[in-house]
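To be precise, the following lines are entry_18.cif, and they hold mmCIF, C-alpha atoms (C1' of nucleotides).
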```cif
data_start
#
loop_
_atom_site.label_atom_id
_atom_site.label_comp_id
_atom_site.auth_asym_id
_atom_site.auth_seq_id
_atom_site.Cartn_x
_atom_site.Cartn_y
_atom_site.Cartn_z
CA MET A 1 26.78 -53.40 80.66
CA LEU A 2 24.82 -54.97 77.84
CA LYS A 3 25.78 -51.86 75.89
CA HIS A 4 29.43 -52.83 76.17
CA GLY A 5 28.74 -56.47 75.50
CA ILE A 6 27.10 -55.52 72.22
CA LEU A 7 29.91 -53.12 71.42
CA GLY A 8 32.41 -55.92 72.05
CA LEU A 9 30.62 -58.26 69.68
CA ILE A 10 30.27 -55.67 66.90
CA ASN A 11 33.95 -54.97 67.36
CA TYR A 12 34.65 -58.57 66.23
CA GLY A 13 32.78 -57.79 63.01
CA ASP A 14 29.66 -56.11 61.63
CA MET A 15 26.43 -57.59 62.90
CA THR A 16 22.68 -57.17 62.92
CA GLY A 17 20.55 -57.08 66.07
CA TYR A 18 19.28 -60.51 65.21
CA GLU A 19 22.76 -61.97 64.99
CA ILE A 20 23.72 -60.42 68.32
CA MET A 21 20.65 -61.99 69.84
CA LYS A 22 21.74 -65.38 68.53
CA VAL A 23 25.24 -65.04 69.95
CA PHE A 24 23.80 -64.27 73.36
CA ARG A 25 21.37 -67.15 73.13
CA ASP A 26 23.72 -69.74 71.70
CA SER A 27 27.15 -68.86 73.03
CA LEU A 28 26.98 -66.46 75.95
CA SER A 29 23.81 -67.67 77.64
CA TYR A 30 25.79 -69.53 80.30
CA PHE A 31 26.79 -66.28 81.91
CA TRP A 32 24.50 -63.74 80.34
CA THR A 33 21.21 -63.60 78.48
CA ALA A 34 19.70 -60.59 76.79
CA ASN A 35 16.30 -60.36 75.25
CA THR A 36 15.68 -59.04 71.79
CA SER A 37 13.86 -55.91 72.82
CA GLN A 38 16.72 -54.74 74.95
CA ILE A 39 19.30 -55.46 72.26
CA TYR A 40 17.43 -53.34 69.72
CA ARG A 41 17.00 -50.55 72.24
CA GLU A 42 20.69 -50.55 73.16
CA LEU A 43 21.63 -50.50 69.49
CA GLN A 44 19.62 -47.31 69.11
CA THR A 45 21.40 -45.79 72.11
CA LEU A 46 24.81 -46.81 70.78
CA LYS A 47 23.95 -45.26 67.42
CA ARG A 48 22.73 -42.03 69.05
CA LYS A 49 26.00 -41.78 70.94
CA GLY A 50 27.99 -42.33 67.78
CA PHE A 51 29.55 -45.63 68.91
CA VAL A 52 28.07 -47.54 65.98
CA THR A 53 26.69 -46.78 62.54
CA ASP A 54 24.06 -48.78 60.67
CA ALA A 55 23.40 -49.61 57.05
CA VAL A 56 20.25 -51.22 55.67
CA VAL A 57 21.01 -54.23 53.50
CA ARG A 58 18.35 -55.58 51.15
CA GLN A 59 18.11 -59.35 50.79
CA ASN A 60 16.12 -61.50 48.41
CA GLY A 61 13.65 -63.90 49.98
CA LYS A 62 14.42 -62.46 53.42
CA PRO A 63 13.45 -59.25 55.18
CA ASP A 64 15.79 -56.27 55.01
CA LYS A 65 18.38 -56.12 57.75
CA LYS A 66 20.28 -53.39 59.54
CA VAL A 67 23.97 -54.11 59.77
CA PHE A 68 25.81 -52.31 62.56
CA SER A 69 29.48 -51.36 62.47
CA ILE A 70 31.63 -50.00 65.29
CA THR A 71 33.13 -46.50 64.95
CA GLU A 72 36.46 -45.23 66.19
CA SER A 73 34.72 -43.57 69.12
CA GLY A 74 32.94 -46.88 69.85
CA ARG A 75 36.26 -48.68 69.95
CA GLU A 76 37.56 -46.06 72.38
CA GLU A 77 34.50 -46.49 74.57
CA LEU A 78 34.96 -50.26 74.58
CA LYS A 79 38.56 -49.85 75.68
CA ARG A 80 37.64 -47.29 78.30
CA TRP A 81 35.12 -49.73 79.76
CA LEU A 82 37.63 -52.57 79.73
CA MET A 83 40.26 -50.47 81.51
CA GLU A 84 37.83 -49.24 84.15
CA TYR A 85 38.20 -51.19 87.41
CA ASP A 86 34.56 -51.86 88.20
CA TYR A 87 33.07 -55.33 88.38
CA GLY A 88 29.74 -54.51 89.99
CA ASN A 89 28.15 -56.91 92.42
CA SER A 90 27.64 -59.99 90.31
CA ASN A 91 29.72 -62.35 88.18
CA ILE A 92 28.34 -60.99 84.96
CA PRO A 93 30.39 -57.81 84.56
CA LEU A 94 33.51 -59.77 85.47
CA CYS A 95 32.80 -62.44 82.86
CA MET A 96 31.92 -59.79 80.30
CA LYS A 97 35.16 -57.91 80.77
CA VAL A 98 37.32 -61.01 80.74
CA PHE A 99 35.49 -62.24 77.67
CA PHE A 100 36.50 -59.15 75.72
CA ALA A 101 39.89 -58.77 77.41
CA GLY A 102 41.67 -59.63 74.16
CA GLU A 103 41.37 -55.94 73.26
CA LEU A 104 43.87 -55.12 76.00
CA SER A 105 47.52 -56.16 76.15
CA ARG A 106 48.67 -59.22 78.09
CA LYS A 107 50.51 -56.97 80.47
CA GLU A 108 47.38 -54.94 81.17
CA ASN A 109 45.40 -58.11 81.73
CA MET A 110 47.95 -59.66 84.06
CA GLU A 111 47.95 -56.49 86.17
CA ARG A 112 44.18 -56.56 86.18
CA PHE A 113 44.01 -60.17 87.39
CA LYS A 114 46.57 -59.34 90.07
CA LYS A 115 44.41 -56.49 91.34
CA ILE A 116 41.25 -58.59 91.39
CA LYS A 117 43.13 -61.28 93.31
CA ASP A 118 44.51 -58.81 95.86
CA ASP A 119 41.07 -57.36 96.42
CA ALA A 120 39.63 -60.85 96.87
CA LEU A 121 42.27 -61.69 99.48
CA LYS A 122 41.58 -58.43 101.31
CA THR A 123 37.88 -59.24 101.31
CA ILE A 124 38.55 -62.69 102.78
CA GLU A 125 40.47 -61.04 105.60
CA ARG A 126 37.65 -58.63 106.26
CA TYR A 127 35.12 -61.46 106.38
CA SER A 128 37.27 -63.62 108.59
CA ALA A 129 37.96 -60.78 111.00
CA ALA A 130 34.26 -60.54 111.83
CA PRO A 131 33.84 -63.68 113.96
CA GLU A 132 30.07 -63.56 113.83
CA ILE A 133 27.92 -61.94 111.26
CA MET A 134 25.06 -59.78 112.47
CA ASP A 135 26.25 -59.77 116.06
CA ALA A 136 24.07 -56.78 116.73
CA TYR A 137 21.05 -58.75 115.64
CA LYS A 138 21.66 -61.83 117.75
CA THR A 139 20.16 -59.95 120.67
CA ARG A 140 16.99 -59.22 118.74
CA VAL A 141 16.45 -62.67 117.34
CA GLU A 142 15.64 -65.25 120.00
CA ASP A 143 16.01 -68.29 117.75
CA PRO A 144 19.70 -69.37 117.59
CA GLU A 145 18.82 -71.52 114.57
CA VAL A 146 18.89 -68.54 112.23
CA SER A 147 22.56 -67.76 112.85
CA ILE A 148 23.50 -71.10 111.25
CA TYR A 149 22.24 -69.68 107.98
CA TRP A 150 23.91 -66.32 108.53
CA ASN A 151 27.21 -68.14 108.81
CA MET A 152 26.54 -70.21 105.71
CA THR A 153 26.13 -66.96 103.79
CA LYS A 154 29.42 -65.73 105.17
CA GLU A 155 31.11 -69.03 104.29
CA PHE A 156 29.80 -68.72 100.75
CA GLY A 157 31.37 -65.29 100.49
CA ILE A 158 34.75 -66.57 101.68
CA ARG A 159 34.75 -69.55 99.34
CA PHE A 160 33.74 -67.39 96.42
CA MET A 161 36.64 -65.04 97.06
CA LYS A 162 39.07 -67.96 97.44
CA MET A 163 37.90 -69.41 94.15
CA LEU A 164 38.27 -66.01 92.51
CA ALA A 165 41.81 -65.53 93.80
CA GLU A 166 42.94 -68.97 92.61
CA TRP A 167 41.34 -68.46 89.22
CA CYS A 168 43.15 -65.13 88.85
CA ASP A 169 46.44 -66.84 89.69
CA ASP A 170 45.85 -69.47 87.05
CA CYS A 171 44.90 -66.87 84.48
CA ILE A 172 48.10 -64.95 85.18
CA ARG A 173 50.12 -68.15 84.89
CA GLU A 174 48.48 -68.93 81.57
CA LEU A 175 49.28 -65.49 80.21
CA GLU A 176 52.88 -65.75 81.41
CA GLY A 177 53.31 -69.25 80.00
CA ALA A 178 51.94 -68.47 76.57
CA GLU A 179 54.10 -65.38 76.39
CA GLY A 180 57.53 -66.92 76.88
CA MET B 1 14.67 -58.78 95.94
CA LEU B 2 15.41 -55.87 98.21
CA LYS B 3 11.71 -55.98 99.01
CA HIS B 4 12.13 -59.47 100.44
CA GLY B 5 15.36 -58.61 102.18
CA ILE B 6 13.57 -55.80 103.99
CA LEU B 7 10.65 -58.07 104.76
CA GLY B 8 13.06 -60.64 106.20
CA LEU B 9 14.66 -58.06 108.48
CA ILE B 10 11.35 -56.65 109.72
CA ASN B 11 10.31 -60.24 110.39
CA TYR B 12 13.12 -60.43 112.99
CA GLY B 13 11.54 -57.49 114.78
CA ASP B 14 9.97 -54.07 114.18
CA MET B 15 12.29 -51.59 112.51
CA THR B 16 12.49 -48.13 110.99
CA GLY B 17 13.83 -47.40 107.52
CA TYR B 18 16.87 -45.89 109.11
CA GLU B 19 17.63 -49.02 111.12
CA ILE B 20 17.24 -51.17 108.01
CA MET B 21 19.70 -48.93 106.23
CA LYS B 22 22.20 -49.45 109.05
CA VAL B 23 21.87 -53.22 108.96
CA PHE B 24 22.58 -53.19 105.25
CA ARG B 25 25.52 -50.89 105.69
CA ASP B 26 27.06 -52.51 108.77
CA SER B 27 26.18 -56.17 108.49
CA LEU B 28 25.02 -57.14 105.02
CA SER B 29 27.21 -54.88 102.91
CA TYR B 30 29.57 -57.72 102.06
CA PHE B 31 26.99 -59.28 99.83
CA TRP B 32 24.45 -56.57 99.34
CA THR B 33 24.15 -52.82 99.67
CA ALA B 34 21.01 -50.76 99.41
CA ASN B 35 20.76 -47.02 99.41
CA THR B 36 18.42 -45.12 101.64
CA SER B 37 16.16 -43.82 98.91
CA GLN B 38 15.44 -47.29 97.67
CA ILE B 39 14.74 -48.63 101.15
CA TYR B 40 12.17 -45.91 101.83
CA ARG B 41 10.57 -46.49 98.47
CA GLU B 42 10.32 -50.25 98.99
CA LEU B 43 8.83 -49.70 102.43
CA GLN B 44 6.04 -47.69 100.81
CA THR B 45 5.44 -50.48 98.31
CA LEU B 46 5.38 -53.11 101.05
CA LYS B 47 2.89 -51.02 102.99
CA ARG B 48 0.69 -50.49 99.93
CA LYS B 49 0.62 -54.25 99.38
CA GLY B 50 -0.32 -54.86 103.00
CA PHE B 51 2.89 -56.75 103.87
CA VAL B 52 3.85 -54.26 106.59
CA THR B 53 2.14 -51.65 108.73
CA ASP B 54 3.71 -48.52 110.15
CA ALA B 55 3.30 -46.49 113.32
CA VAL B 56 4.76 -43.05 113.99
CA VAL B 57 6.67 -42.93 117.27
CA ARG B 58 7.49 -39.58 118.84
CA GLN B 59 10.89 -39.23 120.49
CA ASN B 60 12.32 -36.48 122.63
CA GLY B 61 15.47 -34.83 121.34
CA LYS B 62 15.23 -36.84 118.12
CA PRO B 63 13.03 -36.63 115.06
CA ASP B 64 9.87 -38.71 114.91
CA LYS B 65 10.32 -42.15 113.46
CA LYS B 66 8.14 -44.60 111.53
CA VAL B 67 8.34 -48.09 112.95
CA PHE B 68 7.39 -50.86 110.53
CA SER B 69 5.91 -54.22 111.55
CA ILE B 70 5.32 -57.28 109.41
CA THR B 71 1.75 -58.51 108.87
CA GLU B 72 0.50 -62.07 108.52
CA SER B 73 0.29 -61.58 104.77
CA GLY B 74 3.83 -60.24 104.79
CA ARG B 75 5.05 -63.35 106.57
CA GLU B 76 3.30 -65.48 103.96
CA GLU B 77 4.94 -63.50 101.18
CA LEU B 78 8.35 -63.94 102.79
CA LYS B 79 7.81 -67.68 102.99
CA ARG B 80 6.50 -67.85 99.43
CA TRP B 81 9.65 -66.09 98.22
CA LEU B 82 11.89 -68.40 100.25
CA MET B 83 10.19 -71.51 98.86
CA GLU B 84 10.35 -70.29 95.27
CA TYR B 85 13.24 -71.88 93.38
CA ASP B 86 14.68 -68.82 91.68
CA TYR B 87 18.18 -67.54 92.32
CA GLY B 88 18.47 -65.05 89.46
CA ASN B 89 21.76 -64.54 87.72
CA SER B 90 23.97 -63.30 90.52
CA ASN B 91 25.10 -64.40 93.97
CA ILE B 92 22.92 -61.89 95.73
CA PRO B 93 19.52 -63.60 95.57
CA LEU B 94 21.20 -66.84 96.66
CA CYS B 95 22.85 -65.19 99.66
CA MET B 96 19.62 -63.37 100.52
CA LYS B 97 17.58 -66.54 100.54
CA VAL B 98 20.09 -68.54 102.53
CA PHE B 99 20.43 -65.67 104.96
CA PHE B 100 16.71 -65.85 105.79
CA ALA B 101 16.45 -69.63 105.42
CA GLY B 102 15.81 -70.00 109.15
CA GLU B 103 12.15 -69.37 108.36
CA LEU B 104 11.99 -72.73 106.60
CA SER B 105 12.45 -76.16 108.17
CA ARG B 106 15.78 -77.98 108.12
CA LYS B 107 14.27 -80.59 105.86
CA GLU B 108 13.13 -77.97 103.38
CA ASN B 109 16.54 -76.36 103.42
CA MET B 110 18.42 -79.61 102.94
CA GLU B 111 16.26 -80.40 99.92
CA ARG B 112 16.89 -76.93 98.60
CA PHE B 113 20.66 -77.25 98.89
CA LYS B 114 20.46 -80.65 97.21
CA LYS B 115 18.60 -79.13 94.28
CA ILE B 116 21.04 -76.24 93.91
CA LYS B 117 23.92 -78.71 93.97
CA ASP B 118 22.33 -80.96 91.34
CA ASP B 119 21.70 -77.99 89.10
CA ALA B 120 25.30 -76.83 89.53
CA LEU B 121 26.61 -80.28 88.56
CA LYS B 122 24.35 -80.33 85.50
CA THR B 123 25.65 -76.92 84.51
CA ILE B 124 29.25 -78.10 84.83
CA GLU B 125 28.44 -80.97 82.46
CA ARG B 126 26.88 -78.60 79.98
CA TYR B 127 29.91 -76.31 80.06
CA SER B 128 32.37 -79.17 79.78
CA ALA B 129 30.47 -80.74 76.89
CA ALA B 130 31.12 -77.68 74.73
CA PRO B 131 34.84 -78.09 74.02
CA GLU B 132 35.25 -74.58 72.76
CA ILE B 133 33.18 -71.57 73.54
CA MET B 134 32.06 -69.41 70.65
CA ASP B 135 33.14 -71.91 68.00
CA ALA B 136 30.95 -70.15 65.50
CA TYR B 137 32.81 -66.93 66.11
CA LYS B 138 36.31 -68.30 65.74
CA THR B 139 35.82 -68.07 62.01
CA ARG B 140 34.96 -64.38 62.23
CA VAL B 141 37.75 -63.38 64.57
CA GLU B 142 41.17 -63.66 63.00
CA ASP B 143 43.12 -63.13 66.23
CA PRO B 144 43.50 -66.46 68.09
CA GLU B 145 44.55 -64.47 71.18
CA VAL B 146 40.96 -63.64 72.06
CA SER B 147 39.91 -67.27 72.52
CA ILE B 148 42.28 -67.51 75.51
CA TYR B 149 39.99 -65.09 77.32
CA TRP B 150 36.84 -66.83 76.13
CA ASN B 151 38.14 -69.99 77.77
CA MET B 152 39.04 -68.17 80.97
CA THR B 153 35.42 -67.06 81.20
CA LYS B 154 34.29 -70.63 80.73
CA GLU B 155 36.77 -71.86 83.35
CA PHE B 156 35.43 -69.28 85.78
CA GLY B 157 31.93 -70.62 85.24
CA ILE B 158 33.02 -74.20 85.90
CA ARG B 159 34.94 -73.31 89.05
CA PHE B 160 32.08 -71.24 90.36
CA MET B 161 29.70 -74.16 89.93
CA LYS B 162 32.15 -76.56 91.60
CA MET B 163 32.50 -74.22 94.55
CA LEU B 164 28.74 -73.92 94.76
CA ALA B 165 28.22 -77.70 94.72
CA GLU B 166 30.80 -78.28 97.46
CA TRP B 167 29.38 -75.51 99.59
CA CYS B 168 25.89 -77.02 99.26
CA ASP B 169 27.28 -80.38 100.36
CA ASP B 170 28.87 -78.84 103.43
CA CYS B 171 25.69 -76.95 104.28
CA ILE B 172 23.69 -80.18 104.07
CA ARG B 173 26.24 -81.95 106.26
CA GLU B 174 26.03 -79.14 108.81
CA LEU B 175 22.25 -79.37 108.93
CA GLU B 176 22.37 -83.16 109.29
CA GLY B 177 25.04 -83.02 111.98
CA ALA B 178 23.28 -80.45 114.13
CA GLU B 179 20.07 -82.38 113.82
CA GLY B 180 21.18 -85.78 115.18
"C1'" DT C 1 30.78 -23.38 114.54
"C1'" DG C 2 31.32 -27.43 112.04
"C1'" DG C 3 30.81 -32.29 111.40
"C1'" DG C 4 28.43 -36.57 112.70
"C1'" DT C 5 24.22 -39.03 113.83
"C1'" DC C 6 19.25 -39.46 113.68
"C1'" DA C 7 15.45 -39.51 110.50
"C1'" DT C 8 12.75 -38.65 106.67
"C1'" DG C 9 12.08 -38.60 101.86
"C1'" DT C 10 11.55 -36.80 96.24
"C1'" DA C 11 12.90 -36.75 91.32
"C1'" DA C 12 15.20 -38.14 87.44
"C1'" DC C 13 17.52 -41.56 85.20
"C1'" DC C 14 19.27 -46.05 83.51
"C1'" DT C 15 18.82 -50.80 82.77
"C1'" DG C 16 16.47 -55.14 82.57
"C1'" DT C 17 11.94 -57.84 82.05
"C1'" DT C 18 7.44 -59.04 80.02
"C1'" DA C 19 4.13 -58.77 76.81
"C1'" DC C 20 2.74 -57.52 72.46
"C1'" DA C 21 3.05 -56.83 67.31
"C1'" DT C 22 4.15 -57.72 62.36
"C1'" DG C 23 5.21 -60.27 58.22
"C1'" DA C 24 7.68 -63.03 54.75
"C1'" DT C 25 10.03 -67.44 53.56
"C1'" DT C 26 11.15 -72.22 54.07
"C1'" DA C 27 11.25 -76.98 55.62
"C1'" DG C 28 8.58 -80.97 57.07
"C1'" DC D 1 -0.84 -76.37 56.44
"C1'" DT D 2 1.86 -75.36 60.24
"C1'" DA D 3 5.87 -74.51 62.77
"C1'" DA D 4 10.37 -72.55 62.67
"C1'" DT D 5 13.51 -69.08 61.14
"C1'" DC D 6 14.64 -64.46 59.67
"C1'" DA D 7 14.10 -59.72 61.05
"C1'" DT D 8 12.32 -55.80 62.99
"C1'" DG D 9 10.63 -53.31 66.82
"C1'" DT D 10 7.05 -50.67 70.74
"C1'" DA D 11 5.00 -50.05 75.40
"C1'" DA D 12 4.66 -50.64 80.05
"C1'" DC D 13 6.60 -51.96 84.12
"C1'" DA D 14 10.07 -53.13 87.76
"C1'" DG D 15 14.08 -52.35 90.26
"C1'" DG D 16 18.49 -50.09 91.23
"C1'" DT D 17 21.51 -45.64 91.12
"C1'" DT D 18 22.57 -40.76 91.76
"C1'" DA D 19 21.66 -36.46 93.17
"C1'" DC D 20 19.19 -33.48 95.88
"C1'" DA D 21 16.64 -31.80 100.07
"C1'" DT D 22 15.46 -30.87 105.01
"C1'" DG D 23 16.12 -30.25 109.90
"C1'" DA D 24 17.30 -30.94 114.79
"C1'" DC D 25 20.40 -32.45 118.27
"C1'" DC D 26 25.06 -33.47 120.16
"C1'" DC D 27 29.91 -33.48 120.70
"C1'" DA D 28 34.45 -31.39 120.13
#
```

Encoding of this model in structure tokens:
Amino acid sequence: MLKHGILGLINYGDMTGYEIMKVFRDSLSYFWTANTSQIYRELQTLKRKGFVTDAVVRQNGKPDKKVFSITESGREELKRWLMEYDYGNSNIPLCMKVFFAGELSRKENMERFKKIKDDALKTIERYSAAPEIMDAYKTRVEDPEVSIYWNMTKEFGIRFMKMLAEWCDDCIRELEGAEG
Amino acid sequence: MLKHGILGLINYGDMTGYEIMKVFRDSLSYFWTANTSQIYRELQTLKRKGFVTDAVVRQNGKPDKKVFSITESGREELKRWLMEYDYGNSNIPLCMKVFFAGELSRKENMERFKKIKDDALKTIERYSAAPEIMDAYKTRVEDPEVSIYWNMTKEFGIRFMKMLAEWCDDCIRELEGAEG
DNA sequence: TGGGTCATGTAACCTGTTACATGATTAG
DNA sequence: CTAATCATGTAACAGGTTACATGACCCA
């Protein structure tokens, strides 16, 4: 995932590991942080796979730097990742993909938001259908107090999905509006 | 994290790895899934650390099973984890901790929700203060199209935090209401 | 006889975290 | 002189994923 985040940034323009680190720290830290060591490691992996190339640039008064550029195959990989319908189990992959969604067409993105919304609505139905979470475990656990918290967890899930669906709707509307 | 999830389940009553797997699959899968191999591995770790003990139970017509029980030190570890204010970078640790929050007092939980809410509100302010995300990168990226998606990401973050704050409020209200 | 459930794991891999390590320049 | 910035990494560990492996019983 970080791999694709880095690829997305280099796609905006050539960058060094240090610059990528700064972007994560200064601009993307609200949804994702990466530490230096991992960035440098991923850059090596990306290079090995032929998704980026590097060139050493000498500077005066500053240490040498390695500037990375994306290759054609890297651009393909970035697009492949963006097209892939997989948002993992946390907000981060979702934010990552939307962040770099400019590489896809508006049409593709609108369809994508529609699909995410539909899945969210389906999930809400699934949650709501189960009247009590962990019914099987009620019998094991004497204390009825604990089920309060089980239901709070469930409620969180429902509200999250509702929020997601509404946000998708608004994103679609924004893309439609700006288009016409 | 899975370690503590498993510990929380065993705390409800003795269980085998297989039973834990079923709970994850049948009841907790909507916010967390764990695969068998990982469960068995974590059980070994928990045992090595003295948080659980195991006993082999022979069955007729079925394979032997290893029943795990929580120890006093395991119960302490569970409580330590619940008290710790650390919700990682995804929804899962939050859901996990709330799910097992019955182990803490109502007062402790109300304070916890209050803190999460306050942090969420602070985060909203931080997000809103930055009028444009990735200002520094606008200059690099010629295409103004991409910033639409940057702002969608930001909007997602704000809405998530709003949802979180409201949910915390409602949880607090529920705990107050049921108390009096 | 073939698939599902019960019940246990191992091995390899990928990704993220923490700690450590170096060394020059520049601003206060 | 000292702290920050620029710029690079390595090593070890932790946790999650995927694939593989075994074997008996039960139901259709």

Contacts from chain B to chain D, 10 Å maximum, all atoms listed in the file: show me the residue list as a PDB file with C-alpha atoms, in the frame of the given file.
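The resulting file, part-v8.pdb, is shown below:
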```
ATOM      1  CA  MET B   1      14.670 -58.780  95.940  1.00  0.00           C
ATOM      2  CA  LEU B   2      15.410 -55.870  98.210  1.00  0.00           C
ATOM      3  CA  LYS B   3      11.710 -55.980  99.010  1.00  0.00           C
ATOM      4  CA  ALA B  34      21.010 -50.760  99.410  1.00  0.00           C
ATOM      5  CA  ASN B  35      20.760 -47.020  99.410  1.00  0.00           C
ATOM      6  CA  SER B  37      16.160 -43.820  98.910  1.00  0.00           C
ATOM      7  CA  GLN B  38      15.440 -47.290  97.670  1.00  0.00           C
ATOM      8  CA  GLU B  42      10.320 -50.250  98.990  1.00  0.00           C
ATOM      9  CA  GLY B  61      15.470 -34.830 121.340  1.00  0.00           C
ATOM     10  CA  LYS B  62      15.230 -36.840 118.120  1.00  0.00           C
ATOM     11  CA  PRO B  63      13.030 -36.630 115.060  1.00  0.00           C
TER      12      PRO B  63
END
```

Rank nothing, just name the residue among B:Glu103, B:Glu111, B:Glu72, B:Glu176 nearest to chain A, using all atoms listed in the file. B:Glu103

Looking at only C-alpha atoms, which of A:Leu175, A:Ile158, A:Ile124, A:Met15 is the one that sits closest to Ala101 (chain A)? A:Leu175

Taking only C-alpha atoms into account, what are the residues of chain A at most 6 Å from chain B, put as a CSV table (one decimal) with C-alpha atoms, in the frame of the given file?
```csv
chain,number,residue,atom,x,y,z
A,12,TYR,CA,34.6,-58.6,66.2
A,27,SER,CA,27.2,-68.9,73.0
A,90,SER,CA,27.6,-60.0,90.3
A,95,CYS,CA,32.8,-62.4,82.9
A,98,VAL,CA,37.3,-61.0,80.7
A,99,PHE,CA,35.5,-62.2,77.7
A,102,GLY,CA,41.7,-59.6,74.2
A,134,MET,CA,25.1,-59.8,112.5
A,141,VAL,CA,16.4,-62.7,117.3
A,146,VAL,CA,18.9,-68.5,112.2
A,149,TYR,CA,22.2,-69.7,108.0
A,150,TRP,CA,23.9,-66.3,108.5
A,153,THR,CA,26.1,-67.0,103.8
```

Atomic distance CA of Glu125 (chain B) - CA of Phe113 (chain B), expressed in Å with one decimal: 18.6 Å

Quick check, in Å to one decimal: how far apart do CA of Lys65 (chain B) and CA of Gly8 (chain B) lie? 20.1 Å

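One finds CA of Arg112 (chain A) at 16.1 Å from CA of Leu78 (chain A).
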
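With distances taken over only C-alpha atoms (C1' of nucleotides), C:DA24 is the one residue among C:DA24, C:DA11, C:DC6, C:DA19 lying closest to chain A.
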
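Across the chains present, the PyMOL selection byres ((chain C) within 10 of (chain B)) applied to this file returns DC6, DA7, DT8, DG9 and DT10 of chain C.
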
The PyMOL selection byres ((chain A and resi 69) around 6) resolved against shown file, as a ChimeraX atom specification: /A:14,52-53,68,70

Can you give me, as an mmCIF file with C-alpha atoms, in the coordinates of the input, the residues this file yields under the PyMOL selection byres ((chain A and resi 80) around 12)?
```
data_model
loop_
_atom_site.group_PDB
_atom_site.id
_atom_site.type_symbol
_atom_site.label_atom_id
_atom_site.label_comp_id
_atom_site.auth_asym_id
_atom_site.auth_seq_id
_atom_site.Cartn_x
_atom_site.Cartn_y
_atom_site.Cartn_z
ATOM 1 C CA HIS A 4 29.430 -52.830 76.170
ATOM 2 C CA LEU A 7 29.910 -53.120 71.420
ATOM 3 C CA GLY A 8 32.410 -55.920 72.050
ATOM 4 C CA SER A 73 34.720 -43.570 69.120
ATOM 5 C CA GLY A 74 32.940 -46.880 69.850
ATOM 6 C CA ARG A 75 36.260 -48.680 69.950
ATOM 7 C CA GLU A 76 37.560 -46.060 72.380
ATOM 8 C CA GLU A 77 34.500 -46.490 74.570
ATOM 9 C CA LEU A 78 34.960 -50.260 74.580
ATOM 10 C CA LYS A 79 38.560 -49.850 75.680
ATOM 11 C CA TRP A 81 35.120 -49.730 79.760
ATOM 12 C CA LEU A 82 37.630 -52.570 79.730
ATOM 13 C CA MET A 83 40.260 -50.470 81.510
ATOM 14 C CA GLU A 84 37.830 -49.240 84.150
ATOM 15 C CA TYR A 85 38.200 -51.190 87.410
ATOM 16 C CA ASP A 86 34.560 -51.860 88.200
ATOM 17 C CA LYS A 97 35.160 -57.910 80.770
ATOM 18 C CA ALA A 101 39.890 -58.770 77.410
ATOM 19 C CA GLU A 103 41.370 -55.940 73.260
ATOM 20 C CA LEU A 104 43.870 -55.120 76.000
#
```

Could you rebuild region 45-52 of chain B with N, CA, C and O atoms and give me the result as an mmCIF file, in the coordinates of the input?
```cif
data_model
loop_
_atom_site.group_PDB
_atom_site.id
_atom_site.type_symbol
_atom_site.label_atom_id
_atom_site.label_comp_id
_atom_site.auth_asym_id
_atom_site.auth_seq_id
_atom_site.Cartn_x
_atom_site.Cartn_y
_atom_site.Cartn_z
ATOM 1 N N THR B 45 6.052 -49.413 99.125
ATOM 2 C CA THR B 45 5.440 -50.480 98.310
ATOM 3 C C THR B 45 4.928 -51.616 99.192
ATOM 4 O O THR B 45 3.820 -52.115 98.997
ATOM 5 N N LEU B 46 5.758 -52.011 100.149
ATOM 6 C CA LEU B 46 5.380 -53.110 101.050
ATOM 7 C C LEU B 46 4.115 -52.741 101.838
ATOM 8 O O LEU B 46 3.241 -53.573 102.063
ATOM 9 N N LYS B 47 4.056 -51.483 102.238
ATOM 10 C CA LYS B 47 2.890 -51.020 102.990
ATOM 11 C C LYS B 47 1.644 -51.041 102.093
ATOM 12 O O LYS B 47 0.588 -51.529 102.497
ATOM 13 N N ARG B 48 1.805 -50.545 100.870
ATOM 14 C CA ARG B 48 0.690 -50.490 99.930
ATOM 15 C C ARG B 48 0.137 -51.892 99.659
ATOM 16 O O ARG B 48 -1.062 -52.071 99.496
ATOM 17 N N LYS B 49 1.039 -52.867 99.649
ATOM 18 C CA LYS B 49 0.620 -54.250 99.380
ATOM 19 C C LYS B 49 0.121 -54.958 100.634
ATOM 20 O O LYS B 49 -0.259 -56.127 100.587
ATOM 21 N N GLY B 50 0.190 -54.274 101.758
ATOM 22 C CA GLY B 50 -0.320 -54.860 103.000
ATOM 23 C C GLY B 50 0.635 -55.849 103.660
ATOM 24 O O GLY B 50 0.235 -56.620 104.529
ATOM 25 N N PHE B 51 1.929 -55.824 103.278
ATOM 26 C CA PHE B 51 2.890 -56.750 103.870
ATOM 27 C C PHE B 51 3.476 -56.205 105.171
ATOM 28 O O PHE B 51 4.027 -56.957 105.966
ATOM 29 N N VAL B 52 3.404 -54.885 105.346
ATOM 30 C CA VAL B 52 3.850 -54.260 106.590
ATOM 31 C C VAL B 52 2.861 -53.170 106.989
ATOM 32 O O VAL B 52 2.098 -52.677 106.163
#
```
